[in-house]
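J.: Once you've had a glance at the structure underneath, I'll fire off some questions.
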Amino acid sequence: MSVDHRYQHLTPWLLICALALGPVPGRGADSAFDVPPINLSASKFLPKSVLSGEGYTIEDQVSSDGVQNTYNVETTYGTFMVTGTEELLARLQEIEATRVLRELEESEEFKTAAKSAVTGLVDTGKALIEEPGATTKAAAKGVGRWMRNIGQSIKTDDPHQDNALKTAAGYDAVKRRYAIDLGVDPYTDFEPFQLSLTEVSKAAAAGGMVTSFAISLGTDGSLAGVAVDAARLAKMKNMLKDNPPVGLARMNLQKLIDIGIAEYQAEALLKNYNYTPMEMTLICEALLQMGDIRGREIFVAFATSAPDRQVAHFVRHYAEMLADYITRVESGNIVGVQGAAWLLSDSKTMVGMFPIDYLAWTPGLSDTLEGVSKKSAGFGSRSKKILLTGLFSPRARTALEKRGWELSEKAVLVGPTY
């Protein structure tokens with residue numbers, strides 16, 4: 001089966017994502033199929049309460065490629081295009097967090113502390129040059145892991161790891177604490193947030209700020225108000241605050257080995273820097289929470305091949321959906337089918353759950369799910385089910401139900417999302 005060459009850069013495990021985007025070459029458009037891009041309304045996918053807010057407005061018209069929506073967001077900081085509903089919700093959290101930080105930057109406390117920050121960081125940098133050994137020992141006094149973190153920050157190829165000066169000054173730890181308290185990934189690529197976070201963290205790292213950062217954004221500390229277990233949320237937040245990227249990597253490697261992933265395979269996943277350290281930690285935690293099941297190495301292999309940030313975002317949510325279904329609905333084993341990770345449940349139901357916004361009915365999807373049905377029968381499956389965080393197109397719903405699929409829309413993602 002041939003695939004539209006426009007999408008060959010996507011990895012095969014994305015299932016529907018690689019094949020549902022458009023007609024297969026040579027077959028042409030057909031009135032029985034959807035033809036992306038498809039124009040939709042943002043209000044179909046988002047609660048009215050988030051369509052606009054302080055500092056932003058979401059355009060009502062969105063474009064779907066048959067899998068994910070692309071939203072246009074007008075903000076105080078410019079216009080942004082965001083692909084994927086989960087990532088849009090994360091961006092809205094970042095916009096609100098940026099607003100809070102900028103308000104703090106206008107305070108007298110910050111302005112006074114900022115002057116100390118300049119002097120403090122300059123002095124630390126000078127000392128590192130003149131007496132690097134003595135300075136790093138002093139900076140890490142009482143916290144032996146800081147020495148390991150500083151050494152790692154010099155030699156690592158991880159783009160998320162702060163350099164030695166920032167590590168020694170404690171600046172990286174402050175950034176993590178502030179970002180997590182604001183419900184934002186500390187390693188987000190949203191530039192307005194990172195700029196404000198940098199300035200505030202410099203002031204705080206210099207010891208000049210005492211403001212408590214117990215700030216409520218109306219989300220209970222989680223992304224867009226997603227409901228999560230309080231104890232689990234607290235555990236994850238503390239883990240992300242207390243550990244720099246190198247520390248998280250060590251913990252994640254051990255988690256993967258403990259669940260039976262070969263060390264070489266685990267290291268390959270951890271070296272994929274398309275994931276932020278937070279995303280990687282959430283993926284590893286999701287795999288751990290699946291319990292004593294078979295096939296997690298299949299998911300690890302798929303996750304390792306993520307070629308870019310957009311796919312990495314998808315995989316992170318994919319892992320959380322899978323873990324939540326296994327722990328809250330029904331367990332089973334992960335199986336590889338048509339290049340994707342599916343769950344063969346204990347009741348012999350073939351279950352696919354995906355963070356997809358709008359699933360269009362295309363020749364590629366038709367062929368893919370025909371292959372899934374055949375493989376499912378080979379596993380002895382008695383039924384088959386697809387759950388989406390978003391919606392099925394009317395054509396997709398009709399065609400899939402006719403072929404015996406049980407469908408569920410707007411499945412709630414209840415993993416430890418921030």
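Chain labels A, B, ... are given in the sequence in which chains occur in the structure tokens; within each chain residues are numbered consecutively from 1, and ligands are likewise numbered from 1 in the order shown.
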Which neighbours of Gly78 in chain A fall inside 12 Å, counting only C-alpha atoms, when residues of the same chain fewer than 5 positions from it are skipped, and could you give them as a PyMOL selection string?

T.: chain A and resi 55-57+72-73+95+190-192

J.: Can you pull out the residues contacting Asn333 in chain A? Cut-off 6 Å, using only C-alpha atoms, and skip same-chain residues under 2 positions away; I want them as a ChimeraX atom specification.

T.: /A:293-295,343-344

J.: Now that the selection is made, can you save its residues with C-alpha atoms as a PDB file, in the first residue's frame?

T.:
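And here is the file that came out, again_0.pdb:
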```pdb
ATOM      1  CA  ILE A 293       1.467  -6.324  31.454  1.00  0.00           C
ATOM      2  CA  ARG A 294       3.203  -7.530  28.313  1.00  0.00           C
ATOM      3  CA  GLY A 295       4.140  -5.394  25.335  1.00  0.00           C
ATOM      4  CA  LEU A 343      -4.500  -2.797  23.772  1.00  0.00           C
ATOM      5  CA  LEU A 344      -5.782  -6.358  23.617  1.00  0.00           C
TER       6      LEU A 344
END
```

J.: How many Å lie between CA of Ser52 in chain A and CA of Tyr358 in chain A, rounded to one decimal?

T.: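 Taking CA of Ser52 in chain A and CA of Tyr358 in chain A, their separation equals 21.5 Å.
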
J.: Per DSSP on the backbone, filter range 361-395 of chain A down to the residues in strand (DSSP E) and report them as JSON, numbers by chain.

T.: {"A": [383, 384, 385, 386, 387, 388, 391, 392]}

J.: Just checking: using only C-alpha atoms, which residue out of A:Ala179, A:Val174, A:Val67, A:Leu40 ends up closest to Ala396 in chain A?

T.: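 Checking each of A:Ala179, A:Val174, A:Val67, A:Leu40 against Ala396 in chain A, counting only C-alpha atoms, the winner is A:Val67.
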
J.: For Arg397 in chain A, which of A:Phe193, A:Tyr273, A:Phe314, A:Phe33 is the closest residue, counting only C-alpha atoms?

T.: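 With only C-alpha atoms as the atom set, the closest residue is A:Phe33.
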
J.: If you count only C-alpha atoms, which residues fall within 7 Å of Asn274 in chain A, apart from same-chain ones fewer than 5 positions away, as a PyMOL selection string?

T.: chain A and resi 308-309+312

J.: Could you give me, as a list of chain:residue names, the residues within 10 Å of Glu370 in chain A, counting only C-alpha atoms and dropping anything in the same chain fewer than 5 positions from it?

T.: A:Gln338, A:Gly364, A:Leu365, A:Lys375, A:Ser376, A:Arg403

J.: Could you write those residues out with C-alpha atoms, as a compact mmCIF listing (two decimals), in the first residue's frame?

T.:
```txt
# COMPACT_ATOMS: atom_id res chain seq x y z
CA GLN A 338 -0.54 -1.70 11.67
CA GLY A 364 -5.87 5.51 4.03
CA LEU A 365 -7.88 5.10 7.21
CA LYS A 375 -4.97 -8.76 12.84
CA SER A 376 -7.53 -8.44 15.61
CA ARG A 403 -17.74 -2.33 10.05
```

J.: Write out as a list in words each polymer residue whose atoms come within 10 Å of Val82 in chain A, counting only C-alpha atoms; drop sequence neighbours fewer than 5 positions from it.

T.: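 After dropping sequence-adjacent residues, the list is Asn69, Thr70, Tyr71, Asn72, Val73, Glu87, Leu88, Leu89, Ala90, Arg91 and Gln310 of chain A.
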
J.: Report, in Å to a single decimal, how far apart CA of Phe392 in chain A and CA of Thr362 in chain A are.

T.: 11.9 Å

J.: Env of Lys241 in chain A: 7 Å cut, atoms = only C-alpha atoms, seq-sep filter 6 positions within chain, self excluded. Answer as a ChimeraX atom specification.

T.: /A:173,176-177,180

J.: Save the residues we just selected, N, CA and C atoms, as a PDB file, in the first residue's frame?

T.:
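Dumped to part-v4.pdb:
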```pdb
ATOM      1  N   ALA A 173      16.955  25.403  39.297  1.00  0.00           N
ATOM      2  CA  ALA A 173      15.995  24.869  40.263  1.00  0.00           C
ATOM      3  C   ALA A 173      14.847  25.850  40.494  1.00  0.00           C
ATOM      4  N   ARG A 176      12.406  25.724  37.559  1.00  0.00           N
ATOM      5  CA  ARG A 176      11.537  24.552  37.615  1.00  0.00           C
ATOM      6  C   ARG A 176      10.415  24.762  38.627  1.00  0.00           C
ATOM      7  N   ARG A 177      10.783  25.286  39.790  1.00  0.00           N
ATOM      8  CA  ARG A 177       9.782  25.468  40.854  1.00  0.00           C
ATOM      9  C   ARG A 177       8.694  26.440  40.411  1.00  0.00           C
ATOM     10  N   ILE A 180       6.463  24.848  37.472  1.00  0.00           N
ATOM     11  CA  ILE A 180       5.560  23.791  37.925  1.00  0.00           C
ATOM     12  C   ILE A 180       4.445  24.361  38.786  1.00  0.00           C
TER      13      ILE A 180
END
```

J.: State, in Å with one decimal place, the distance from CA of Ser107 in chain A to CA of Tyr178 in chain A.

T.: 16.6 Å

J.: Among range 228-352 of chain A, which residues does DSSP mark as helix (DSSP H, G or I) when it is run on the backbone? Keep the chain and numbering as in the structure and answer as JSON, numbers by chain.

T.: {"A": [230, 231, 232, 233, 234, 235, 236, 237, 238, 239, 240, 241, 242, 245, 246, 247, 248, 249, 250, 251, 252, 253, 254, 255, 256, 257, 258, 263, 264, 265, 266, 267, 268, 269, 270, 277, 278, 279, 280, 281, 282, 283, 284, 285, 286, 287, 288, 289, 296, 297, 298, 299, 300, 301, 302, 303, 304, 309, 310, 311, 312, 313, 314, 315, 316, 317, 318, 319, 320, 321, 322, 323, 324, 325, 326, 327, 328]}

J.: Go ahead and save the residues from that selection, with C-alpha atoms, as a short mmCIF file (atom, residue, chain, number, x, y, z; two decimals), in the first residue's frame.

T.:
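The result, written out as out13.cif:
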```
data_model
loop_
_atom_site.label_atom_id
_atom_site.label_comp_id
_atom_site.auth_asym_id
_atom_site.auth_seq_id
_atom_site.Cartn_x
_atom_site.Cartn_y
_atom_site.Cartn_z
CA ALA A 230 -4.25 14.58 44.29
CA ALA A 231 -1.54 12.32 45.74
CA ARG A 232 -0.31 11.35 42.29
CA LEU A 233 -0.25 14.96 41.16
CA ALA A 234 1.73 16.04 44.23
CA LYS A 235 4.26 13.24 43.70
CA MET A 236 4.85 14.18 40.08
CA LYS A 237 5.07 17.90 40.79
CA ASN A 238 7.69 17.37 43.50
CA MET A 239 9.67 15.03 41.27
CA LEU A 240 9.76 17.59 38.46
CA LYS A 241 10.64 20.46 40.78
CA ASP A 242 13.40 18.67 42.66
CA PRO A 245 17.05 16.99 33.43
CA VAL A 246 20.00 14.73 34.25
CA GLY A 247 18.34 13.64 37.49
CA LEU A 248 15.07 12.87 35.72
CA ALA A 249 16.96 10.92 33.07
CA ARG A 250 18.59 8.72 35.72
CA MET A 251 15.23 8.06 37.36
CA ASN A 252 13.52 7.38 34.05
CA LEU A 253 16.23 4.94 32.97
CA GLN A 254 15.78 2.97 36.17
CA LYS A 255 12.00 2.94 35.79
CA LEU A 256 12.26 1.57 32.27
CA ILE A 257 14.75 -1.11 33.30
CA ASP A 258 12.57 -2.07 36.28
CA GLU A 263 18.84 -0.92 28.75
CA TYR A 264 19.89 -0.13 25.18
CA GLN A 265 16.25 0.44 24.20
CA ALA A 266 15.62 2.60 27.25
CA GLU A 267 18.70 4.72 26.55
CA ALA A 268 17.61 5.20 22.94
CA LEU A 269 14.25 6.57 24.08
CA LEU A 270 15.85 8.90 26.64
CA PRO A 277 12.33 16.18 30.31
CA MET A 278 8.83 16.61 31.76
CA GLU A 279 7.17 14.81 28.86
CA MET A 280 9.67 11.96 29.07
CA THR A 281 9.05 11.62 32.80
CA LEU A 282 5.28 11.50 32.29
CA ILE A 283 5.67 8.83 29.60
CA CYS A 284 7.88 6.67 31.85
CA GLU A 285 5.48 7.13 34.76
CA ALA A 286 2.56 6.10 32.53
CA LEU A 287 4.40 2.95 31.45
CA LEU A 288 5.11 2.12 35.09
CA GLN A 289 1.47 2.64 36.07
CA ARG A 296 5.39 -2.15 26.86
CA GLU A 297 8.57 -2.49 24.82
CA ILE A 298 6.35 -2.08 21.74
CA PHE A 299 5.24 1.33 22.95
CA VAL A 300 8.82 2.29 23.84
CA ALA A 301 9.98 1.44 20.33
CA PHE A 302 7.23 3.58 18.81
CA ALA A 303 7.94 6.48 21.15
CA THR A 304 11.66 6.35 20.37
CA ARG A 309 8.00 18.03 18.74
CA GLN A 310 4.47 17.67 17.38
CA VAL A 311 4.72 13.90 17.33
CA ALA A 312 6.34 13.93 20.80
CA HIS A 313 3.34 15.86 22.17
CA PHE A 314 1.04 13.26 20.62
CA VAL A 315 2.95 10.33 22.14
CA ARG A 316 2.97 11.82 25.63
CA HIS A 317 -0.85 12.06 25.63
CA TYR A 318 -1.12 8.68 23.88
CA ALA A 319 0.85 7.06 26.73
CA GLU A 320 -1.33 8.68 29.38
CA MET A 321 -4.56 7.60 27.70
CA LEU A 322 -3.32 4.04 27.45
CA ALA A 323 -2.22 3.97 31.10
CA ASP A 324 -5.48 5.46 32.32
CA TYR A 325 -7.58 2.97 30.39
CA ILE A 326 -5.54 0.05 31.74
CA THR A 327 -5.70 1.25 35.34
CA ARG A 328 -9.29 2.56 35.39
#
```

J.: List every residue of range 256-371 of chain A that has an atom at most 10 Å from any atom of range 404-411 of chain A, and for each one report the closest atom pair and its distance in Å to one decimal, counting only C-alpha atoms, with rows sorted by chain and then by increasing residue number, as JSON lines.

T.:
```
{"residue": "A:Met321", "atom": "CA", "partner": "A:Ala411", "partner_atom": "CA", "distance": 8.8}
{"residue": "A:Met350", "atom": "CA", "partner": "A:Trp405", "partner_atom": "CA", "distance": 9.8}
{"residue": "A:Val351", "atom": "CA", "partner": "A:Glu406", "partner_atom": "CA", "distance": 9.4}
{"residue": "A:Gly352", "atom": "CA", "partner": "A:Leu407", "partner_atom": "CA", "distance": 9.9}
{"residue": "A:Met353", "atom": "CA", "partner": "A:Ala411", "partner_atom": "CA", "distance": 8.6}
{"residue": "A:Phe354", "atom": "CA", "partner": "A:Ala411", "partner_atom": "CA", "distance": 9.1}
{"residue": "A:Pro355", "atom": "CA", "partner": "A:Ala411", "partner_atom": "CA", "distance": 8.8}
{"residue": "A:Ile356", "atom": "CA", "partner": "A:Lys410", "partner_atom": "CA", "distance": 9.5}
{"residue": "A:Asp357", "atom": "CA", "partner": "A:Lys410", "partner_atom": "CA", "distance": 8.8}
{"residue": "A:Tyr358", "atom": "CA", "partner": "A:Glu409", "partner_atom": "CA", "distance": 9.6}
{"residue": "A:Leu369", "atom": "CA", "partner": "A:Trp405", "partner_atom": "CA", "distance": 9.8}
```

J.: Mind writing the picked residues with N, CA and C atoms as a CSV table (one decimal), in the first residue's frame?

T.:
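Saved to out_27.csv:
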```csv
chain,number,residue,atom,x,y,z
A,321,MET,N,-3.3,8.2,28.0
A,321,MET,CA,-4.6,7.6,27.7
A,321,MET,C,-4.5,6.1,27.9
A,350,MET,N,-10.2,-5.5,21.2
A,350,MET,CA,-9.1,-4.7,20.6
A,350,MET,C,-9.4,-3.3,20.8
A,351,VAL,N,-8.6,-2.6,21.6
A,351,VAL,CA,-8.9,-1.2,21.9
A,351,VAL,C,-7.8,-0.2,21.4
A,352,GLY,N,-8.2,0.8,20.7
A,352,GLY,CA,-7.3,1.8,20.2
A,352,GLY,C,-7.8,3.1,20.9
A,353,MET,N,-6.9,3.8,21.5
A,353,MET,CA,-7.3,5.1,22.2
A,353,MET,C,-6.2,6.2,21.8
A,354,PHE,N,-6.7,7.3,21.2
A,354,PHE,CA,-5.7,8.2,20.6
A,354,PHE,C,-6.1,9.6,20.9
A,355,PRO,N,-5.2,10.5,21.2
A,355,PRO,CA,-5.5,12.0,21.3
A,355,PRO,C,-5.6,12.6,20.0
A,356,ILE,N,-6.7,12.3,19.3
A,356,ILE,CA,-7.0,12.8,18.0
A,356,ILE,C,-8.2,13.7,18.0
A,357,ASP,N,-8.0,14.9,17.4
A,357,ASP,CA,-9.1,15.9,17.4
A,357,ASP,C,-10.3,15.6,16.6
A,358,TYR,N,-10.0,15.2,15.3
A,358,TYR,CA,-11.1,15.0,14.4
A,358,TYR,C,-10.7,13.9,13.4
A,369,LEU,N,-7.6,0.4,9.0
A,369,LEU,CA,-8.5,-0.3,9.9
A,369,LEU,C,-9.0,-1.7,9.4
```

J.: Find the residue from A:Gly66, A:Leu101, A:Met81, A:Ser43 that sits nearest to Arg395 in chain A; use only C-alpha atoms when measuring.

T.: A:Gly66
